[in-house]
$ cat input20.txt   # compact mmCIF, C-alpha atoms
# COMPACT_ATOMS: atom_id res chain seq x y z
CA MET E 1 0.00 0.00 0.00
CA ASN E 2 1.37 3.37 -0.94
CA GLU E 3 1.24 5.75 2.01
CA THR E 4 1.48 9.50 2.02
CA ILE E 5 3.73 10.17 4.97
CA ALA E 6 4.12 13.51 6.75
CA ILE E 7 7.42 13.84 8.56
CA ILE E 8 6.83 16.40 11.29
CA GLY E 9 10.02 18.37 11.82
CA GLY E 10 11.29 16.55 8.77
CA THR E 11 14.08 18.91 7.75
CA GLY E 12 16.59 17.61 10.33
CA PRO E 13 18.97 14.71 9.62
CA GLU E 14 16.68 11.98 11.03
CA GLY E 15 13.65 13.28 9.13
CA ARG E 16 15.54 13.60 5.86
CA GLY E 17 17.10 10.17 6.40
CA LEU E 18 13.73 8.50 6.92
CA ALA E 19 12.31 10.43 3.94
CA THR E 20 15.17 9.11 1.78
CA ARG E 21 14.45 5.50 2.61
CA LEU E 22 10.65 5.83 2.48
CA VAL E 23 10.58 7.42 -0.98
CA MET E 24 13.03 4.73 -2.12
CA ALA E 25 10.45 2.19 -0.87
CA GLY E 26 7.81 3.79 -3.10
CA HIS E 27 5.92 6.01 -0.67
CA THR E 28 5.06 9.68 -0.99
CA VAL E 29 6.72 11.85 1.64
CA ILE E 30 5.91 15.40 2.72
CA LEU E 31 8.72 16.98 4.74
CA GLY E 32 7.01 19.15 7.31
CA SER E 33 8.65 22.24 8.75
CA ARG E 34 7.58 25.15 10.93
CA ASP E 35 8.26 27.19 7.82
CA ALA E 36 6.58 26.05 4.57
CA GLU E 37 9.26 27.61 2.39
CA ARG E 38 12.06 25.94 4.30
CA GLY E 39 10.23 22.59 4.01
CA ALA E 40 9.88 23.04 0.25
CA MET E 41 13.52 24.04 -0.15
CA ILE E 42 14.95 21.14 1.85
CA ALA E 43 12.63 18.67 0.07
CA ALA E 44 13.76 19.96 -3.32
CA GLU E 45 17.42 19.65 -2.31
CA LEU E 46 16.88 16.11 -1.07
CA ALA E 47 14.93 15.09 -4.20
CA ASP E 48 17.75 16.55 -6.26
CA SER E 49 20.40 14.55 -4.40
CA LEU E 50 18.39 11.35 -4.82
CA GLY E 51 18.03 11.84 -8.58
CA SER E 52 16.33 8.94 -10.32
CA ARG E 53 15.78 7.13 -7.01
CA VAL E 54 12.72 9.27 -6.39
CA THR E 55 9.66 9.45 -8.67
CA ALA E 56 8.61 12.95 -9.68
CA GLY E 57 6.24 14.34 -7.07
CA ALA E 58 6.97 11.66 -4.46
CA LEU E 59 8.88 14.07 -2.22
CA ARG E 60 7.76 17.57 -1.34
CA GLY E 61 7.86 20.00 1.54
CA ALA E 62 5.16 21.90 3.40
CA ALA E 63 4.29 23.52 6.70
CA ASN E 64 3.80 20.83 9.38
CA ALA E 65 0.02 21.39 9.49
CA GLU E 66 -0.45 21.09 5.75
CA ALA E 67 1.83 18.04 5.65
CA CYS E 68 -0.30 16.32 8.30
CA ALA E 69 -3.61 17.33 6.72
CA ASN E 70 -2.59 15.67 3.45
CA ALA E 71 -0.96 12.55 4.89
CA THR E 72 -2.24 9.04 5.65
CA LEU E 73 0.22 8.76 8.53
CA ALA E 74 2.80 10.95 10.26
CA ILE E 75 6.26 10.42 11.72
CA VAL E 76 7.45 12.76 14.48
CA THR E 77 11.14 13.73 14.33
CA VAL E 78 11.12 17.14 16.05
CA PRO E 79 13.76 17.89 18.68
CA TYR E 80 12.30 17.02 22.07
CA SER E 81 12.25 20.68 23.13
CA ALA E 82 9.56 21.27 20.45
CA HIS E 83 7.73 17.97 20.97
CA ALA E 84 4.71 18.91 23.09
CA THR E 85 3.97 22.30 21.54
CA THR E 86 4.28 20.98 17.99
CA LEU E 87 1.97 18.01 18.59
CA GLU E 88 -0.60 20.14 20.41
CA SER E 89 -0.73 22.51 17.47
CA LEU E 90 -1.27 19.64 15.01
CA ARG E 91 -3.90 17.73 16.96
CA GLU E 92 -6.84 18.31 14.61
CA HIS E 93 -4.81 17.42 11.52
CA LEU E 94 -3.73 14.13 13.10
CA ASP E 95 -7.21 13.09 14.19
CA GLY E 96 -7.91 9.45 13.36
CA LYS E 97 -4.44 8.94 11.90
CA LEU E 98 -1.47 6.77 12.75
CA VAL E 99 1.32 8.79 14.37
CA ILE E 100 4.76 7.23 14.68
CA ASP E 101 6.81 8.99 17.33
CA ALA E 102 10.57 8.84 16.79
CA ALA E 103 11.44 11.76 19.07
CA VAL E 104 14.04 11.19 21.80
CA PRO E 105 14.03 13.16 25.06
CA VAL E 106 17.69 14.13 24.94
CA ARG E 107 19.68 17.30 25.44
CA PHE E 108 23.33 17.86 24.73
CA GLU E 109 25.68 19.10 27.40
CA ARG E 110 29.11 17.51 27.13
CA GLY E 111 27.51 14.47 25.53
CA PRO E 112 23.88 13.39 25.28
CA ARG E 113 21.81 13.49 28.46
CA PRO E 114 18.25 12.29 29.05
CA VAL E 115 15.46 14.77 29.65
CA ASP E 116 12.94 13.63 32.28
CA VAL E 117 9.47 13.27 30.80
CA GLU E 118 6.53 13.30 33.17
CA ALA E 119 4.56 10.90 30.96
CA GLY E 120 7.46 8.39 31.13
CA SER E 121 8.56 8.77 27.52
CA ALA E 122 8.11 11.05 24.53
CA THR E 123 5.81 8.48 22.92
CA GLU E 124 3.52 8.27 25.96
CA GLU E 125 3.45 12.07 26.02
CA ALA E 126 2.39 12.06 22.36
CA ALA E 127 -0.36 9.55 23.14
CA GLN E 128 -1.66 11.85 25.88
CA LEU E 129 -1.56 14.89 23.60
CA LEU E 130 -3.23 13.10 20.67
CA PRO E 131 -6.10 11.10 22.20
CA ASN E 132 -7.82 10.67 18.81
CA SER E 133 -4.75 9.34 16.99
CA THR E 134 -3.12 5.91 17.12
CA VAL E 135 0.32 6.66 18.57
CA VAL E 136 3.14 4.15 18.15
CA GLY E 137 6.84 4.51 19.02
CA ALA E 138 9.39 3.48 16.36
CA PHE E 139 12.43 4.54 14.30
CA HIS E 140 14.31 6.12 17.24
CA ASN E 141 17.42 4.02 16.94
CA LEU E 142 18.30 4.42 13.26
CA ASP E 143 21.49 6.26 12.42
CA ALA E 144 20.58 9.36 10.40
CA GLU E 145 23.77 9.42 8.33
CA SER E 146 23.30 5.82 7.20
CA LEU E 147 19.69 6.52 6.23
CA LEU E 148 20.71 9.63 4.31
CA ASP E 149 23.25 7.83 2.14
CA PRO E 150 21.18 5.77 -0.31
CA GLU E 151 24.21 3.52 -0.94
CA ALA E 152 24.84 2.81 2.77
CA ARG E 153 23.77 -0.49 4.25
CA VAL E 154 21.22 -0.14 7.03
CA ASP E 155 21.82 -2.80 9.68
CA ALA E 156 19.34 -2.41 12.51
CA ASP E 157 16.21 -3.60 14.24
CA VAL E 158 13.32 -1.19 14.66
CA LEU E 159 11.73 -1.65 18.08
CA ILE E 160 8.04 -0.78 18.01
CA THR E 161 5.86 0.04 21.01
CA GLY E 162 2.13 0.65 21.22
CA SER E 163 -1.16 -1.00 20.41
CA ALA E 164 -1.28 -4.12 18.25
CA ALA E 165 -3.02 -2.65 15.18
CA GLY E 166 -0.70 0.36 14.99
CA LYS E 167 2.42 -1.75 15.47
CA GLN E 168 1.47 -4.09 12.64
CA ARG E 169 1.15 -1.24 10.16
CA VAL E 170 4.45 0.29 11.30
CA ALA E 171 6.22 -3.08 11.07
CA LEU E 172 5.13 -3.45 7.44
CA LEU E 173 6.38 0.04 6.69
CA ALA E 174 9.71 -0.39 8.51
CA GLU E 175 10.55 -3.66 6.77
CA GLN E 176 10.21 -2.00 3.37
CA ILE E 177 13.53 -0.34 4.24
CA GLU E 178 16.25 -2.77 3.24
CA GLY E 179 18.31 -4.06 6.17
CA ILE E 180 15.64 -3.43 8.77
CA ARG E 181 13.82 -5.99 10.88
CA ALA E 182 10.77 -4.80 12.81
CA ILE E 183 10.28 -6.09 16.35
CA ASP E 184 7.21 -5.81 18.55
CA ALA E 185 8.85 -4.38 21.67
CA GLY E 186 5.72 -4.23 23.80
CA PRO E 187 3.21 -1.70 25.11
CA LEU E 188 3.64 2.08 25.10
CA ARG E 189 5.11 2.06 28.60
CA TYR E 190 8.23 0.32 27.23
CA SER E 191 8.93 3.33 24.99
CA ARG E 192 11.25 4.87 27.56
CA PHE E 193 13.68 1.98 27.14
CA VAL E 194 13.67 2.25 23.36
CA GLU E 195 14.20 6.00 23.57
CA GLY E 196 17.01 5.40 26.07
CA ILE E 197 18.83 3.11 23.65
CA THR E 198 19.19 6.07 21.28
CA ILE E 199 21.12 8.02 23.91
CA LEU E 200 23.38 5.00 24.42
CA LEU E 201 23.92 4.72 20.65
CA ILE E 202 24.70 8.44 20.29
CA GLY E 203 27.31 7.96 23.01
CA LEU E 204 28.74 4.87 21.27
CA ASN E 205 28.88 6.73 17.94
CA GLY E 206 30.98 9.46 19.52
CA ARG E 207 33.18 7.14 21.54
CA HIS E 208 33.85 4.64 18.75
CA LYS E 209 33.59 6.96 15.69
CA ALA E 210 30.86 4.69 14.35
CA HIS E 211 27.29 4.60 13.08
CA THR E 212 25.67 2.11 15.39
CA GLY E 213 22.29 0.45 15.50
CA VAL E 214 20.72 -2.09 17.79
CA ARG E 215 20.01 -5.74 17.02
CA ILE E 216 18.13 -8.20 19.21
CA ALA E 217 19.77 -11.63 19.20
CA GLY E 218 17.91 -14.85 19.96
CA LEU E 219 14.51 -14.18 18.40
CA PRO E 220 12.90 -16.96 16.37
CA SER E 221 14.01 -16.51 12.75
CA ALA E 222 10.39 -16.39 11.55
CA GLU E 223 10.22 -13.02 13.32
CA MET S 224 44.75 -13.83 35.31
CA ASN S 225 42.74 -16.15 37.48
CA GLU S 226 40.26 -14.16 39.56
CA THR S 227 38.41 -15.24 42.67
CA ILE S 228 34.93 -13.88 42.05
CA ALA S 229 32.25 -13.39 44.69
CA ILE S 230 28.75 -13.40 43.25
CA ILE S 231 26.64 -11.45 45.72
CA GLY S 232 23.14 -12.93 45.75
CA GLY S 233 24.61 -15.65 43.58
CA THR S 234 22.05 -18.38 44.17
CA GLY S 235 19.46 -16.96 41.72
CA PRO S 236 19.38 -17.88 38.01
CA GLU S 237 21.55 -14.94 36.84
CA GLY S 238 24.15 -15.56 39.55
CA ARG S 239 24.31 -19.28 38.88
CA GLY S 240 24.43 -18.62 35.14
CA LEU S 241 27.37 -16.24 35.43
CA ALA S 242 29.07 -18.66 37.85
CA THR S 243 28.69 -21.44 35.28
CA ARG S 244 30.40 -19.47 32.54
CA LEU S 245 33.10 -17.98 34.78
CA VAL S 246 34.21 -21.31 36.23
CA MET S 247 34.23 -22.71 32.68
CA ALA S 248 36.59 -19.82 31.82
CA GLY S 249 38.97 -20.96 34.56
CA HIS S 250 38.10 -18.61 37.41
CA THR S 251 37.26 -19.45 40.99
CA VAL S 252 33.72 -18.49 41.98
CA ILE S 253 32.17 -18.12 45.42
CA LEU S 254 28.37 -18.06 45.31
CA GLY S 255 27.31 -15.65 48.03
CA SER S 256 24.00 -15.94 49.82
CA ARG S 257 22.36 -14.35 52.84
CA ASP S 258 22.56 -17.86 54.27
CA ALA S 259 25.98 -19.58 54.18
CA GLU S 260 24.45 -23.07 54.19
CA ARG S 261 22.17 -22.24 51.27
CA GLY S 262 25.13 -20.81 49.35
CA ALA S 263 27.14 -23.96 49.94
CA MET S 264 24.24 -26.22 48.94
CA ILE S 265 23.46 -24.38 45.68
CA ALA S 266 27.16 -24.22 44.78
CA ALA S 267 27.51 -27.98 45.37
CA GLU S 268 24.46 -28.67 43.20
CA LEU S 269 25.79 -26.45 40.42
CA ALA S 270 29.28 -27.99 40.58
CA ASP S 271 27.64 -31.39 40.42
CA SER S 272 25.63 -30.47 37.30
CA LEU S 273 28.75 -29.11 35.61
CA GLY S 274 30.72 -32.31 36.26
CA SER S 275 34.15 -32.28 34.67
CA ARG S 276 33.65 -28.75 33.34
CA VAL S 277 34.63 -27.39 36.77
CA THR S 278 37.95 -28.03 38.51
CA ALA S 279 37.69 -29.32 42.07
CA GLY S 280 37.45 -26.37 44.45
CA ALA S 281 36.75 -23.77 41.75
CA LEU S 282 33.13 -23.33 42.82
CA ARG S 283 31.95 -22.99 46.38
CA GLY S 284 29.30 -21.18 48.38
CA ALA S 285 29.47 -18.89 51.38
CA ALA S 286 27.70 -16.09 53.18
CA ASN S 287 27.86 -12.89 51.10
CA ALA S 288 30.30 -11.23 53.52
CA GLU S 289 32.71 -14.16 53.55
CA ALA S 290 32.47 -14.48 49.76
CA CYS S 291 33.42 -10.80 49.35
CA ALA S 292 36.20 -10.95 51.94
CA ASN S 293 37.89 -13.77 50.02
CA ALA S 294 37.35 -12.47 46.50
CA THR S 295 39.46 -10.34 44.15
CA LEU S 296 36.29 -8.90 42.61
CA ALA S 297 32.53 -9.14 43.14
CA ILE S 298 29.48 -9.28 40.88
CA VAL S 299 26.13 -8.06 42.26
CA THR S 300 23.09 -10.09 41.18
CA VAL S 301 20.72 -9.49 44.08
CA PRO S 302 17.08 -8.60 43.34
CA TYR S 303 16.80 -4.83 43.31
CA SER S 304 14.66 -4.86 46.46
CA ALA S 305 17.72 -6.11 48.38
CA HIS S 306 20.28 -3.99 46.51
CA ALA S 307 20.97 -1.06 48.84
CA THR S 308 20.79 -2.94 52.14
CA THR S 309 23.00 -5.77 50.88
CA LEU S 310 25.69 -3.46 49.53
CA GLU S 311 25.69 -1.31 52.67
CA SER S 312 26.24 -4.39 54.80
CA LEU S 313 29.18 -5.51 52.64
CA ARG S 314 30.95 -2.16 52.33
CA GLU S 315 34.05 -3.01 54.37
CA HIS S 316 34.55 -6.33 52.58
CA LEU S 317 34.42 -4.61 49.18
CA ASP S 318 36.87 -1.85 50.09
CA GLY S 319 39.43 -1.29 47.33
CA LYS S 320 37.87 -3.97 45.14
CA LEU S 321 36.24 -4.02 41.73
CA VAL S 322 32.46 -4.40 42.02
CA ILE S 323 30.48 -5.26 38.89
CA ASP S 324 26.83 -4.35 39.33
CA ALA S 325 24.43 -6.47 37.25
CA ALA S 326 21.31 -5.66 39.28
CA VAL S 327 18.27 -4.33 37.42
CA PRO S 328 15.70 -2.04 39.09
CA VAL S 329 12.65 -4.04 38.03
CA ARG S 330 9.52 -5.30 39.72
CA PHE S 331 6.97 -7.70 38.32
CA GLU S 332 3.31 -6.77 38.14
CA ARG S 333 1.68 -8.12 35.00
CA GLY S 334 5.02 -8.01 33.24
CA PRO S 335 8.28 -6.31 34.20
CA ARG S 336 8.13 -2.69 35.30
CA PRO S 337 10.94 -0.28 36.13
CA VAL S 338 11.58 0.84 39.68
CA ASP S 339 12.57 4.50 39.98
CA VAL S 340 16.04 4.87 41.47
CA GLU S 341 16.94 8.20 42.99
CA ALA S 342 20.58 7.82 41.96
CA GLY S 343 19.50 7.32 38.33
CA SER S 344 20.39 3.64 38.13
CA ALA S 345 21.26 0.69 40.34
CA THR S 346 24.90 1.00 39.34
CA GLU S 347 25.11 4.67 40.32
CA GLU S 348 23.42 3.78 43.60
CA ALA S 349 26.09 1.13 44.18
CA ALA S 350 28.82 3.66 43.43
CA GLN S 351 27.34 6.01 46.05
CA LEU S 352 27.09 3.22 48.63
CA LEU S 353 30.62 1.91 47.98
CA PRO S 354 32.81 5.01 47.73
CA ASN S 355 36.01 3.01 48.28
CA SER S 356 35.30 0.42 45.58
CA THR S 357 35.57 0.69 41.79
CA VAL S 358 31.97 0.20 40.64
CA VAL S 359 31.25 -0.77 37.05
CA GLY S 360 27.93 -1.77 35.43
CA ALA S 361 27.90 -4.93 33.28
CA PHE S 362 26.29 -8.32 32.64
CA HIS S 363 22.69 -7.04 32.99
CA ASN S 364 21.50 -8.15 29.60
CA LEU S 365 22.57 -11.80 29.52
CA ASP S 366 19.85 -14.41 29.46
CA ALA S 367 20.19 -16.54 32.60
CA GLU S 368 18.89 -19.75 31.03
CA SER S 369 21.41 -19.57 28.20
CA LEU S 370 24.24 -18.98 30.68
CA LEU S 371 23.10 -21.89 32.83
CA ASP S 372 23.16 -24.42 30.01
CA PRO S 373 26.86 -25.07 29.33
CA GLU S 374 25.96 -26.37 25.86
CA ALA S 375 23.91 -23.30 24.88
CA ARG S 376 25.41 -20.70 22.58
CA VAL S 377 25.68 -17.27 24.17
CA ASP S 378 25.07 -14.57 21.56
CA ALA S 379 25.24 -11.13 23.14
CA ASP S 380 27.17 -7.96 23.72
CA VAL S 381 28.00 -6.92 27.27
CA LEU S 382 27.59 -3.16 27.66
CA ILE S 383 29.95 -1.81 30.31
CA THR S 384 29.62 1.52 32.10
CA GLY S 385 31.96 3.22 34.54
CA SER S 386 35.54 4.42 34.85
CA ALA S 387 38.14 3.43 32.26
CA ALA S 388 40.32 1.19 34.44
CA GLY S 389 37.39 -0.77 35.82
CA LYS S 390 35.80 -1.23 32.40
CA GLN S 391 38.98 -2.62 30.91
CA ARG S 392 39.24 -5.34 33.56
CA VAL S 393 35.55 -6.22 33.14
CA ALA S 394 35.89 -6.34 29.34
CA LEU S 395 38.73 -8.87 29.61
CA LEU S 396 36.63 -10.97 31.98
CA ALA S 397 33.44 -10.78 29.87
CA GLU S 398 35.19 -11.80 26.66
CA GLN S 399 36.44 -14.99 28.29
CA ILE S 400 32.83 -16.16 28.00
CA GLU S 401 32.44 -17.61 24.52
CA GLY S 402 30.01 -15.69 22.32
CA ILE S 403 30.33 -12.43 24.22
CA ARG S 404 31.71 -9.14 22.94
CA ALA S 405 32.42 -6.44 25.51
CA ILE S 406 31.53 -2.84 24.61
CA ASP S 407 32.51 0.32 26.42
CA ALA S 408 29.06 1.90 26.77
CA GLY S 409 30.19 5.08 28.50
CA PRO S 410 30.21 6.65 31.95
CA LEU S 411 28.23 5.48 34.98
CA ARG S 412 25.36 7.84 34.15
CA TYR S 413 24.56 5.72 31.07
CA SER S 414 23.86 2.72 33.30
CA ARG S 415 20.15 3.49 33.40
CA PHE S 416 19.87 2.78 29.66
CA VAL S 417 21.71 -0.52 29.94
CA GLU S 418 19.54 -1.54 32.89
CA GLY S 419 16.46 -0.50 30.88
CA ILE S 420 17.41 -2.80 28.02
CA THR S 421 17.05 -5.75 30.39
CA ILE S 422 13.41 -4.87 31.02
CA LEU S 423 12.84 -4.65 27.28
CA LEU S 424 14.51 -8.06 26.80
CA ILE S 425 12.47 -9.68 29.59
CA GLY S 426 9.37 -8.39 27.79
CA LEU S 427 10.60 -9.71 24.44
CA ASN S 428 11.40 -13.10 25.99
CA GLY S 429 7.84 -13.40 27.24
CA ARG S 430 6.20 -12.06 24.10
CA HIS S 431 8.28 -14.09 21.66
CA LYS S 432 9.02 -17.19 23.78
CA ALA S 433 12.70 -16.55 23.26
CA HIS S 434 16.01 -16.01 25.03
CA THR S 435 17.11 -12.67 23.71
CA GLY S 436 20.27 -10.63 24.03
CA VAL S 437 21.36 -7.31 22.64
CA ARG S 438 23.91 -6.71 19.90
CA ILE S 439 25.24 -3.35 18.74
CA ALA S 440 25.59 -3.21 14.95
CA GLY S 441 27.99 -0.89 13.14
CA LEU S 442 30.97 -0.90 15.49
CA PRO S 443 34.44 -1.20 13.94
CA SER S 444 35.28 -4.92 13.81
CA ALA S 445 38.50 -4.35 15.76
CA GLU S 446 36.23 -3.66 18.74

$ encode --input "input20.txt" --output "structure tokens"
Amino acid sequence: MNETIAIIGGTGPEGRGLATRLVMAGHTVILGSRDAERGAMIAAELADSLGSRVTAGALRGAANAEACANATLAIVTVPYSAHATTLESLREHLDGKLVIDAAVPVRFERGPRPVDVEAGSATEEAAQLLPNSTVVGAFHNLDAESLLDPEARVDADVLITGSAAGKQRVALLAEQIEGIRAIDAGPLRYSRFVEGITILLIGLNGRHKAHTGVRIAGLPSAE
Amino acid sequence: MNETIAIIGGTGPEGRGLATRLVMAGHTVILGSRDAERGAMIAAELADSLGSRVTAGALRGAANAEACANATLAIVTVPYSAHATTLESLREHLDGKLVIDAAVPVRFERGPRPVDVEAGSATEEAAQLLPNSTVVGAFHNLDAESLLDPEARVDADVLITGSAAGKQRVALLAEQIEGIRAIDAGPLRYSRFVEGITILLIGLNGRHKAHTGVRIAGLPSAE
């Protein structure tokens, strides 16, 4: 099924990286930005760099609200400092839709540090702010630089938290990205652990000059 | 170097599992228990089940305090509910020694749930309680059943947090267990993420009827 995917706060590295892989998988992506012009510009630059890998019209930019209004599902990649206010402002446009939260509550002060979230995790916060959407956590732990390079091999599991129906749709989407295995990581309340892994991976990337991802060993191969 | 390793709270599955692999690697292990007789009994049973895989005298049991007093390093595998009181009571016996904390702040109530730790993580709590020891976090994420079966393949990374000197000694020890790669996961304050992964893995084990471990993809192979 071809989805039209809004990436909220999609002009950052993680948003552009996911957009790269999702248009390569045949979906339509709208890079959302606070500023419609900036969204359009970054989308045009990205489409240009992808050349023939992207079908004409499959990648465009827009203001976050317009991106959400026109999408079948949305992925949240805003910095955590903008998380709550951005989602609140988009509530009506996300009504009845699947929202995949990839935001990580992290701040940088001599290395990455966790930000305490009253709801337990960014994803649970999103679920509270968007009671009429299906909120699922996923895509936190993917290295942006690897996603952005269409020639790079992606080697990672995507850990998905939330309700069963939402997770199934996200798993199908995630596994359309080559090199990715989707794993049902449990209910929303496990999101904090998945978000925490990102902070660990950012630290490893710095310490080992690497682009790391997480893999779960020992799952049945039918997974 | 042959170590004499006290496993504090060593009669549970994780403690016995680590003991199994560490005696197989040629170390001497003392299974510590609140009750010296229970420690001795469980150690004798485990030695018996391991047969010729364990050298005579390489595995014995003792009260936690005696185990620590006679060890060159200690591994903490007590349930989190006993973590602080146990470590406080052993402080003098752990003076100047390396202490590897593998305890996970988890409680079980329809699935595993995190316990909030004021210090941020069990390992940081241990470091506060044992100011004269070198406290390192490691071994949280290893599946106990796989460790306990000497024929089972261990397939996991051990993420190590703490000071550089301590981590190096723990990495050498961890990699003596076949199938394990040791990874420097950063300073003590990252311990909460490593401890959180265990809760995620316990959930995955239940959900997928599996014995999972974590692997970090994308590290330089010289690691």

$ residues_near_point --input "input20.txt" --point "(36.8, 2.5, 40.0)" --cutoff "9 Å" --atoms "all atoms listed in the file" --output "list in words"
Gly319, Lys320, Leu321, Val322, Ala350, Asn355, Ser356, Thr357, Val358, Val359, Gly385, Ser386, Ala387, Ala388, Gly389 and Lys390 of chain S

$ atom_distance --input "input20.txt" --atom1 "atom CA of E:Asp155" --atom2 "atom CA of E:Gly120"
28.1 Å

$ closest_residue --input "input20.txt" --among "E:Ala119, E:Leu148, E:Leu90, E:Leu188" --to "E:Ile160" --atoms "all atoms listed in the file"
E:Leu188

$ atom_distance --input "input20.txt" --atom1 "atom CA of S:Ala270" --atom2 "atom CA of S:Leu254"
11.0 Å

$ closest_atom_pairs --input "input20.txt" --of "stretch 326-357 of chain S" --to "stretch 301-305 of chain S" --cutoff "10 Å" --atoms "all atoms listed in the file" --output "JSON lines"
{"residue": "S:Ala326", "atom": "CA", "partner": "S:Tyr303", "partner_atom": "CA", "distance": 6.1}
{"residue": "S:Val327", "atom": "CA", "partner": "S:Tyr303", "partner_atom": "CA", "distance": 6.1}
{"residue": "S:Pro328", "atom": "CA", "partner": "S:Tyr303", "partner_atom": "CA", "distance": 5.2}
{"residue": "S:Val329", "atom": "CA", "partner": "S:Tyr303", "partner_atom": "CA", "distance": 6.8}
{"residue": "S:Arg330", "atom": "CA", "partner": "S:Tyr303", "partner_atom": "CA", "distance": 8.1}
{"residue": "S:Val338", "atom": "CA", "partner": "S:Tyr303", "partner_atom": "CA", "distance": 8.5}
{"residue": "S:Val340", "atom": "CA", "partner": "S:Tyr303", "partner_atom": "CA", "distance": 9.9}
{"residue": "S:Ala345", "atom": "CA", "partner": "S:Tyr303", "partner_atom": "CA", "distance": 7.7}

$ closest_residue --input "input20.txt" --among "E:Leu73, E:Val214, E:Leu46, E:Leu130" --to "E:Gly17" --atoms "only C-alpha atoms"
E:Leu46

$ decode --input "input20.txt" --residues "stretch 347-352 of chain S" --atoms "all heavy atoms" --output "PDB file, in the first residue's frame"
ATOM      1  N   GLU S 347      24.712   3.410  39.663  1.00  0.00           N
ATOM      2  CA  GLU S 347      25.107   4.674  40.319  1.00  0.00           C
ATOM      3  C   GLU S 347      24.815   4.628  41.820  1.00  0.00           C
ATOM      4  O   GLU S 347      25.557   5.180  42.624  1.00  0.00           O
ATOM      5  CB  GLU S 347      24.361   5.843  39.667  1.00  0.00           C
ATOM      6  CG  GLU S 347      24.895   6.195  38.291  1.00  0.00           C
ATOM      7  CD  GLU S 347      23.908   7.043  37.505  1.00  0.00           C
ATOM      8  OE1 GLU S 347      22.881   6.485  37.033  1.00  0.00           O
ATOM      9  OE2 GLU S 347      24.139   8.250  37.353  1.00  0.00           O
ATOM     10  N   GLU S 348      23.728   3.960  42.181  1.00  0.00           N
ATOM     11  CA  GLU S 348      23.424   3.784  43.602  1.00  0.00           C
ATOM     12  C   GLU S 348      24.540   2.993  44.291  1.00  0.00           C
ATOM     13  O   GLU S 348      25.000   3.348  45.379  1.00  0.00           O
ATOM     14  CB  GLU S 348      22.083   3.052  43.737  1.00  0.00           C
ATOM     15  CG  GLU S 348      21.611   2.858  45.156  1.00  0.00           C
ATOM     16  CD  GLU S 348      20.243   2.171  45.180  1.00  0.00           C
ATOM     17  OE1 GLU S 348      20.196   0.915  45.078  1.00  0.00           O
ATOM     18  OE2 GLU S 348      19.228   2.865  45.294  1.00  0.00           O
ATOM     19  N   ALA S 349      24.995   1.937  43.628  1.00  0.00           N
ATOM     20  CA  ALA S 349      26.089   1.131  44.184  1.00  0.00           C
ATOM     21  C   ALA S 349      27.347   1.979  44.347  1.00  0.00           C
ATOM     22  O   ALA S 349      28.051   1.885  45.363  1.00  0.00           O
ATOM     23  CB  ALA S 349      26.369  -0.072  43.284  1.00  0.00           C
ATOM     24  N   ALA S 350      27.617   2.814  43.352  1.00  0.00           N
ATOM     25  CA  ALA S 350      28.819   3.661  43.426  1.00  0.00           C
ATOM     26  C   ALA S 350      28.727   4.621  44.613  1.00  0.00           C
ATOM     27  O   ALA S 350      29.730   4.893  45.285  1.00  0.00           O
ATOM     28  CB  ALA S 350      28.999   4.427  42.123  1.00  0.00           C
ATOM     29  N   GLN S 351      27.508   5.112  44.902  1.00  0.00           N
ATOM     30  CA  GLN S 351      27.337   6.010  46.052  1.00  0.00           C
ATOM     31  C   GLN S 351      27.516   5.254  47.369  1.00  0.00           C
ATOM     32  O   GLN S 351      28.075   5.770  48.327  1.00  0.00           O
ATOM     33  CB  GLN S 351      25.950   6.653  46.016  1.00  0.00           C
ATOM     34  CG  GLN S 351      25.803   7.686  44.897  1.00  0.00           C
ATOM     35  CD  GLN S 351      24.393   8.269  44.826  1.00  0.00           C
ATOM     36  OE1 GLN S 351      23.538   7.967  45.666  1.00  0.00           O
ATOM     37  NE2 GLN S 351      24.148   9.106  43.832  1.00  0.00           N
ATOM     38  N   LEU S 352      27.037   4.007  47.380  1.00  0.00           N
ATOM     39  CA  LEU S 352      27.086   3.222  48.626  1.00  0.00           C
ATOM     40  C   LEU S 352      28.486   2.653  48.892  1.00  0.00           C
ATOM     41  O   LEU S 352      28.805   2.311  50.025  1.00  0.00           O
ATOM     42  CB  LEU S 352      26.080   2.064  48.559  1.00  0.00           C
ATOM     43  CG  LEU S 352      24.606   2.474  48.574  1.00  0.00           C
ATOM     44  CD1 LEU S 352      23.709   1.289  48.205  1.00  0.00           C
ATOM     45  CD2 LEU S 352      24.230   3.006  49.964  1.00  0.00           C
TER      46      LEU S 352
END
